[in-house]
>>> print(open('model23.cif').read())   # mmCIF, C-alpha atoms
data_query
#
loop_
_atom_site.group_PDB
_atom_site.id
_atom_site.type_symbol
_atom_site.label_atom_id
_atom_site.label_comp_id
_atom_site.auth_asym_id
_atom_site.auth_seq_id
_atom_site.Cartn_x
_atom_site.Cartn_y
_atom_site.Cartn_z
ATOM 1 C CA MET A 16 0.000 0.000 0.000
ATOM 2 C CA ALA A 17 1.525 3.316 -1.110
ATOM 3 C CA LYS A 18 1.448 6.068 1.516
ATOM 4 C CA ILE A 19 0.700 9.467 -0.010
ATOM 5 C CA PHE A 20 1.142 12.609 2.097
ATOM 6 C CA PHE A 21 -1.032 15.657 1.425
ATOM 7 C CA PRO A 22 0.807 18.532 3.188
ATOM 8 C CA SER A 23 -1.902 21.208 2.640
ATOM 9 C CA CYS A 24 -1.014 24.176 0.434
ATOM 10 C CA LYS A 25 -2.359 26.734 2.891
ATOM 11 C CA ASN A 26 -0.638 25.207 5.908
ATOM 12 C CA LYS A 27 2.685 25.127 4.070
ATOM 13 C CA ALA A 28 2.332 28.834 3.311
ATOM 14 C CA ALA A 29 1.241 29.761 6.848
ATOM 15 C CA TYR A 30 3.663 27.533 8.789
ATOM 16 C CA PRO A 31 6.623 26.923 6.448
ATOM 17 C CA ALA A 32 9.206 25.855 9.046
ATOM 18 C CA ALA A 33 6.968 23.385 10.880
ATOM 19 C CA SER A 34 5.556 22.082 7.591
ATOM 20 C CA GLY A 35 9.073 21.362 6.383
ATOM 21 C CA LYS A 36 9.900 19.497 9.587
ATOM 22 C CA LEU A 37 6.708 17.453 9.319
ATOM 23 C CA ARG A 38 7.556 16.479 5.748
ATOM 24 C CA GLU A 39 11.050 15.368 6.765
ATOM 25 C CA TYR A 40 9.670 13.445 9.728
ATOM 26 C CA LEU A 41 7.162 11.514 7.628
ATOM 27 C CA LEU A 42 9.694 10.730 4.915
ATOM 28 C CA ALA A 43 12.199 9.460 7.458
ATOM 29 C CA ASN A 44 9.912 7.601 9.843
ATOM 30 C CA TYR A 45 6.690 6.594 8.162
ATOM 31 C CA ALA A 46 7.790 5.192 4.809
ATOM 32 C CA VAL A 47 5.906 7.858 2.862
ATOM 33 C CA GLU A 48 6.443 7.178 -0.811
ATOM 34 C CA THR A 49 5.020 10.358 -2.303
ATOM 35 C CA VAL A 50 4.448 13.948 -1.162
ATOM 36 C CA ALA A 51 1.464 15.066 -3.194
ATOM 37 C CA GLY A 52 0.677 18.505 -4.541
ATOM 38 C CA CYS A 53 -2.676 20.232 -4.084
ATOM 39 C CA CYS A 54 -5.391 17.869 -2.881
ATOM 40 C CA ARG A 55 -7.949 19.442 -5.211
ATOM 41 C CA ASN A 56 -6.243 17.705 -8.127
ATOM 42 C CA GLU A 57 -4.026 15.017 -6.650
ATOM 43 C CA HIS A 58 -6.793 13.181 -4.778
ATOM 44 C CA LYS A 59 -8.073 11.920 -8.117
ATOM 45 C CA LYS A 60 -4.943 9.771 -8.511
ATOM 46 C CA LEU A 61 -5.531 7.759 -5.330
ATOM 47 C CA SER A 62 -6.365 4.076 -5.647
ATOM 48 C CA PRO A 63 -7.812 1.470 -3.253
ATOM 49 C CA ASP A 64 -4.229 0.317 -2.679
ATOM 50 C CA ASP A 65 -3.162 3.730 -1.359
ATOM 51 C CA ALA A 66 -3.239 5.322 2.085
ATOM 52 C CA ALA A 67 -3.667 9.100 2.245
ATOM 53 C CA ILE A 68 -1.931 10.920 5.098
ATOM 54 C CA VAL A 69 -3.590 14.280 5.672
ATOM 55 C CA LEU A 70 -3.026 17.382 7.767
ATOM 56 C CA CYS A 71 -5.983 19.481 6.604
ATOM 57 C CA ASN A 72 -9.627 18.668 7.320
ATOM 58 C CA THR A 73 -10.620 19.723 3.807
ATOM 59 C CA CYS A 74 -8.030 17.415 2.262
ATOM 60 C CA PHE A 75 -9.529 14.654 4.405
ATOM 61 C CA ALA A 76 -13.039 15.392 3.085
ATOM 62 C CA PHE A 77 -11.959 15.485 -0.562
ATOM 63 C CA CYS A 78 -10.083 12.186 -0.269
ATOM 64 C CA GLU A 79 -12.943 10.577 1.626
ATOM 65 C CA GLU A 80 -15.756 11.631 -0.709
ATOM 66 C CA SER A 81 -14.159 11.963 -4.149
ATOM 67 C CA SER A 82 -11.373 9.412 -4.359
ATOM 68 C CA SER A 83 -10.929 5.647 -4.387
ATOM 69 C CA VAL A 84 -8.354 5.703 -1.573
ATOM 70 C CA GLY A 85 -8.219 2.639 0.635
ATOM 71 C CA LYS A 86 -7.342 4.385 3.911
ATOM 72 C CA ILE A 87 -7.104 7.927 5.302
ATOM 73 C CA VAL A 88 -5.129 8.765 8.429
ATOM 74 C CA SER A 89 -4.421 12.139 10.012
ATOM 75 C CA VAL A 90 -0.943 13.372 10.840
ATOM 76 C CA TRP A 91 -2.100 13.809 14.438
ATOM 77 C CA GLU A 92 -2.853 10.093 14.767
ATOM 78 C CA ILE A 93 0.540 9.161 13.355
ATOM 79 C CA VAL A 94 2.541 11.362 15.690
ATOM 80 C CA ASP A 95 0.407 10.347 18.662
ATOM 81 C CA SER A 96 1.189 6.675 18.040
ATOM 82 C CA ASP A 97 4.953 7.267 17.683
ATOM 83 C CA PHE A 98 6.672 6.265 20.923
ATOM 84 C CA ASN A 99 9.957 7.683 19.649
ATOM 85 C CA PHE A 100 8.726 11.191 18.813
ATOM 86 C CA SER A 101 10.620 13.883 20.698
ATOM 87 C CA PHE A 102 7.855 15.963 22.242
ATOM 88 C CA PRO A 103 8.675 19.513 23.401
ATOM 89 C CA ASN A 104 7.857 20.360 27.017
ATOM 90 C CA TYR A 105 5.492 23.283 27.622
ATOM 91 C CA ASN A 106 5.750 23.047 31.399
ATOM 92 C CA GLY A 107 2.137 22.340 32.256
ATOM 93 C CA GLU A 108 0.660 25.275 30.332
ATOM 94 C CA LYS A 109 -3.125 25.336 30.316
ATOM 95 C CA ILE A 110 -4.371 25.838 26.774
ATOM 96 C CA THR A 111 -7.886 26.044 25.350
ATOM 97 C CA VAL A 112 -8.678 23.480 22.648
ATOM 98 C CA GLN A 113 -10.476 24.939 19.657
ATOM 99 C CA ASP A 114 -12.140 22.162 17.700
ATOM 100 C CA CYS A 115 -13.006 22.748 14.084
ATOM 101 C CA TRP A 116 -16.416 22.253 12.520
ATOM 102 C CA ARG A 117 -14.732 20.497 9.606
ATOM 103 C CA ALA A 118 -13.606 17.726 11.980
ATOM 104 C CA ILE A 119 -17.080 16.843 13.268
ATOM 105 C CA GLY A 120 -17.480 13.069 13.364
ATOM 106 C CA ARG A 121 -13.750 12.398 13.481
ATOM 107 C CA ASP A 122 -13.245 10.979 16.969
ATOM 108 C CA LYS A 123 -9.714 9.792 16.192
ATOM 109 C CA ILE A 124 -8.635 13.352 15.408
ATOM 110 C CA HIS A 125 -10.330 14.807 18.495
ATOM 111 C CA ASN A 126 -8.698 12.209 20.720
ATOM 112 C CA ALA A 127 -5.257 12.490 19.127
ATOM 113 C CA VAL A 128 -5.207 16.281 19.497
ATOM 114 C CA ARG A 129 -5.799 16.074 23.235
ATOM 115 C CA SER A 130 -3.373 13.219 23.679
ATOM 116 C CA LEU A 131 -0.642 15.163 21.876
ATOM 117 C CA LEU A 132 -1.165 18.195 24.103
ATOM 118 C CA LYS A 133 -0.765 16.046 27.198
ATOM 119 C CA LYS A 134 2.397 14.463 25.790
ATOM 120 C CA MET A 135 3.794 17.992 25.378
ATOM 121 C CA ASN A 136 3.050 18.612 29.079
ATOM 122 C CA MET A 137 0.104 20.875 28.365
ATOM 123 C CA GLU A 138 -3.279 20.830 30.096
ATOM 124 C CA PRO A 139 -6.168 20.900 27.587
ATOM 125 C CA VAL A 140 -9.055 23.170 28.612
ATOM 126 C CA GLU A 141 -12.376 22.388 26.958
ATOM 127 C CA LEU A 142 -14.917 24.806 25.537
ATOM 128 C CA ASN A 143 -18.617 24.111 26.029
ATOM 129 C CA GLU A 144 -18.960 23.683 22.266
ATOM 130 C CA ASN A 145 -16.235 21.149 21.691
ATOM 131 C CA ARG A 146 -15.603 18.075 19.575
ATOM 132 C CA HIS A 147 -18.844 17.281 17.648
ATOM 133 C CA LYS A 148 -20.602 20.331 19.074
ATOM 134 C CA SER A 149 -18.186 22.854 17.574
ATOM 135 C CA LEU A 150 -19.477 24.986 14.694
ATOM 136 C CA PHE A 151 -16.386 27.186 14.638
ATOM 137 C CA CYS A 152 -14.094 27.542 11.656
ATOM 138 C CA GLY A 153 -12.826 31.074 12.059
ATOM 139 C CA MET A 154 -14.260 33.523 9.572
ATOM 140 C CA ALA A 155 -14.620 30.858 6.872
ATOM 141 C CA THR A 156 -18.282 30.153 7.633
ATOM 142 C CA TYR A 157 -19.168 33.843 7.519
ATOM 143 C CA MET A 158 -18.432 34.114 3.810
ATOM 144 C CA PRO A 159 -19.359 32.007 0.768
ATOM 145 C CA GLN A 160 -17.353 28.815 0.497
ATOM 146 C CA PRO A 161 -15.475 27.899 -2.699
ATOM 147 C CA ALA A 162 -17.936 26.224 -5.051
ATOM 148 C CA GLN A 163 -15.496 23.379 -5.606
ATOM 149 C CA ASN A 164 -15.761 22.320 -1.961
ATOM 150 C CA ALA A 165 -19.377 21.226 -2.298
ATOM 151 C CA LEU A 166 -18.581 19.465 -5.567
ATOM 152 C CA LEU A 167 -15.680 17.444 -4.159
ATOM 153 C CA ALA A 168 -17.175 16.852 -0.702
ATOM 154 C CA PRO A 169 -20.966 17.180 -1.092
ATOM 155 C CA LYS A 170 -21.679 15.625 2.292
ATOM 156 C CA ARG A 171 -19.207 17.598 4.397
ATOM 157 C CA TYR A 172 -19.813 20.897 2.601
ATOM 158 C CA GLY A 173 -23.401 20.320 1.544
ATOM 159 C CA THR A 174 -25.589 17.905 3.497
ATOM 160 C CA ASP A 175 -23.669 18.459 6.750
ATOM 161 C CA ALA A 176 -23.495 22.241 6.376
ATOM 162 C CA PRO A 177 -27.068 23.575 6.298
ATOM 163 C CA GLY A 178 -27.282 27.312 6.745
ATOM 164 C CA MET A 179 -23.525 27.765 6.935
ATOM 165 C CA PHE A 180 -21.189 29.788 4.736
ATOM 166 C CA LYS A 181 -23.214 32.982 4.518
ATOM 167 C CA GLU A 182 -21.822 36.323 3.388
ATOM 168 C CA HIS A 183 -21.119 38.916 6.102
ATOM 169 C CA SER A 184 -19.220 42.178 6.029
ATOM 170 C CA GLU A 185 -15.617 42.242 7.189
ATOM 171 C CA GLU A 186 -16.681 44.344 10.155
ATOM 172 C CA ALA A 187 -19.266 41.725 11.156
ATOM 173 C CA ARG A 188 -16.778 38.868 10.766
ATOM 174 C CA ILE A 189 -14.289 40.581 13.056
ATOM 175 C CA SER A 190 -17.044 41.222 15.592
ATOM 176 C CA PHE A 191 -18.017 37.533 15.554
ATOM 177 C CA MET A 192 -14.409 36.543 16.214
ATOM 178 C CA GLN A 193 -14.082 39.002 19.078
ATOM 179 C CA GLU A 194 -17.249 37.667 20.662
ATOM 180 C CA HIS A 195 -16.071 34.092 20.277
ATOM 181 C CA ALA A 196 -12.714 34.876 21.904
ATOM 182 C CA LYS A 197 -14.398 36.150 25.072
ATOM 183 C CA GLN A 198 -15.019 32.596 26.268
ATOM 184 C CA PHE A 199 -11.323 31.688 26.425
ATOM 185 C CA THR A 200 -9.950 31.614 29.956
ATOM 186 C CA THR A 201 -6.366 30.617 29.156
ATOM 187 C CA GLY A 202 -3.457 32.631 27.844
ATOM 188 C CA ARG A 203 -3.473 30.771 24.532
ATOM 189 C CA ALA A 204 -5.756 28.607 22.457
ATOM 190 C CA VAL A 205 -4.644 25.779 20.191
ATOM 191 C CA SER A 206 -6.188 24.780 16.877
ATOM 192 C CA TYR A 207 -5.518 22.204 14.172
ATOM 193 C CA CYS A 208 -7.124 24.226 11.380
ATOM 194 C CA LEU A 209 -5.648 27.297 9.705
ATOM 195 C CA ALA A 210 -9.018 29.086 9.483
ATOM 196 C CA CYS A 211 -9.615 28.493 13.200
ATOM 197 C CA ASP A 212 -6.123 29.738 14.048
ATOM 198 C CA THR A 213 -6.583 32.893 11.980
ATOM 199 C CA GLY A 214 -10.057 33.500 13.410
ATOM 200 C CA ILE A 215 -8.875 33.259 17.013
ATOM 201 C CA LYS A 216 -6.090 35.749 16.327
ATOM 202 C CA THR A 217 -8.524 38.074 14.569
ATOM 203 C CA GLY A 218 -10.638 37.962 17.713
ATOM 204 C CA GLY A 219 -7.694 39.291 19.704
ATOM 205 C CA LYS A 220 -6.674 36.052 21.426
ATOM 206 C CA LYS A 221 -3.258 34.419 21.321
ATOM 207 C CA SER A 222 -3.406 31.256 19.257
ATOM 208 C CA ALA A 223 -0.969 28.473 18.483
ATOM 209 C CA SER A 224 -1.278 25.900 15.735
ATOM 210 C CA LEU A 225 -0.823 22.321 16.881
ATOM 211 C CA LEU A 226 1.667 21.841 14.052
ATOM 212 C CA ASN A 227 3.920 24.617 15.338
ATOM 213 C CA LEU A 228 3.652 23.375 18.906
ATOM 214 C CA LEU A 229 4.713 19.851 17.948
ATOM 215 C CA PHE A 230 7.782 20.985 16.059
ATOM 216 C CA GLY A 231 8.819 23.738 18.457
ATOM 217 C CA GLU A 232 8.117 26.660 16.155
ATOM 218 C CA ALA A 233 7.174 29.926 17.879
ATOM 219 C CA GLU A 234 4.019 31.724 16.816
#
>>> encode(input="model23.cif", output="structure tokens")
Amino acid sequence: MAKIFFPSCKNKAAYPAASGKLREYLLANYAVETVAGCCRNEHKKLSPDDAAIVLCNTCFAFCEESSSVGKIVSVWEIVDSDFNFSFPNYNGEKITVQDCWRAIGRDKIHNAVRSLLKKMNMEPVELNENRHKSLFCGMATYMPQPAQNALLAPKRYGTDAPGMFKEHSEEARISFMQEHAKQFTTGRAVSYCLACDTGIKTGGKKSASLLNLLFGEAE
């Protein structure tokens, strides 16, 4: 079974150092055979004999709904199961976990995220709307979604998204983020979605991507 890694175009641009370290880690330790380009095109090449390794929740949805891939596994699950991974130590820092709407229904991702935080000596703090109850995805749901999303993942971005992705002014989007940030009681929040990360920061709260935390990259 060929293991194909989808590194996420947007995550590579936003977190270049940590993305590079993740790529090197997977190539060296997880027998990844191919680092794919953009998931919007490359997912079509997957076969039932392939395993897709994904970082982005949208990449996951495209591979799941519009490819013939045999298996999909998140980066978070891989690192969490690696007994030899060198986890940084964050000295017991309490950090709010921001779950992403795009990860609803993915228990393995939710569990791996919290396990990884604990392995980095961090104390996860839960929001009331967490895991499958989270409807947050930064400002992404307050503007029209790319039409291609619903075509490539009609369940995740169609059936499972009623009433979402409505147009709002920039001023309104910022206000929504500021209101959302008021519920955080810790110095920082952590997310595993770029839109969530950006939204938290727009709301005036310190945010750290899980990717940067794992590979010791400062935000």
>>> atom_distance(input="model23.cif", atom1="atom CA of A:Lys148", atom2="atom CA of A:Arg203")
20.8 Å
>>> resolve_selection(input="model23.cif", expression="the PyMOL selection byres ((chain A and resi 87) around 9)", output="ChimeraX atom specification")
/A:65-69,75,78-79,84-86,88-89
>>> closest_residue(input="model23.cif", among="A:Ile19, A:Phe102, A:Val50, A:Leu166", to="A:Asn227", atoms="all atoms listed in the file")
A:Phe102
>>> closest_residue(input="model23.cif", among="A:Gln160, A:Asn104, A:Ser62, A:Ser149", to="A:Ser81", atoms="only C-alpha atoms")
A:Ser62
>>> resolve_selection(input="model23.cif", expression="the PyMOL selection byres ((chain A and resi 120) around 12)", output="ChimeraX atom specification")
/A:72,76,114-119,121-126,145-149,171,175
>>> closest_residue(input="model23.cif", among="A:Thr201, A:Gln193, A:Ser224, A:Asn164", to="A:Ala29", atoms="all atoms listed in the file")
A:Ser224
>>> closest_residue(input="model23.cif", among="A:Ala196, A:Ala127, A:Leu228, A:Leu167", to="A:Phe151", atoms="all atoms listed in the file")
A:Ala196
>>> atom_distance(input="model23.cif", atom1="atom CA of A:Ala162", atom2="atom CA of A:Arg55")
12.1 Å
>>> closest_residue(input="model23.cif", among="A:His183, A:Lys197, A:Lys18, A:Lys36", to="A:Thr156", atoms="only C-alpha atoms")
A:His183
>>> resolve_selection(input="model23.cif", expression="the PyMOL selection byres ((chain A and resi 107) around 10)", output="PyMOL selection string")
chain A and resi 104-106+108-110+132-133+135-139
>>> residues_around(input="model23.cif", residues="A:Glu182", least_positions_apart="6", cutoff="7 Å", atoms="all atoms listed in the file", output="list in words")
Tyr157, Met158 and Pro159 of chain A
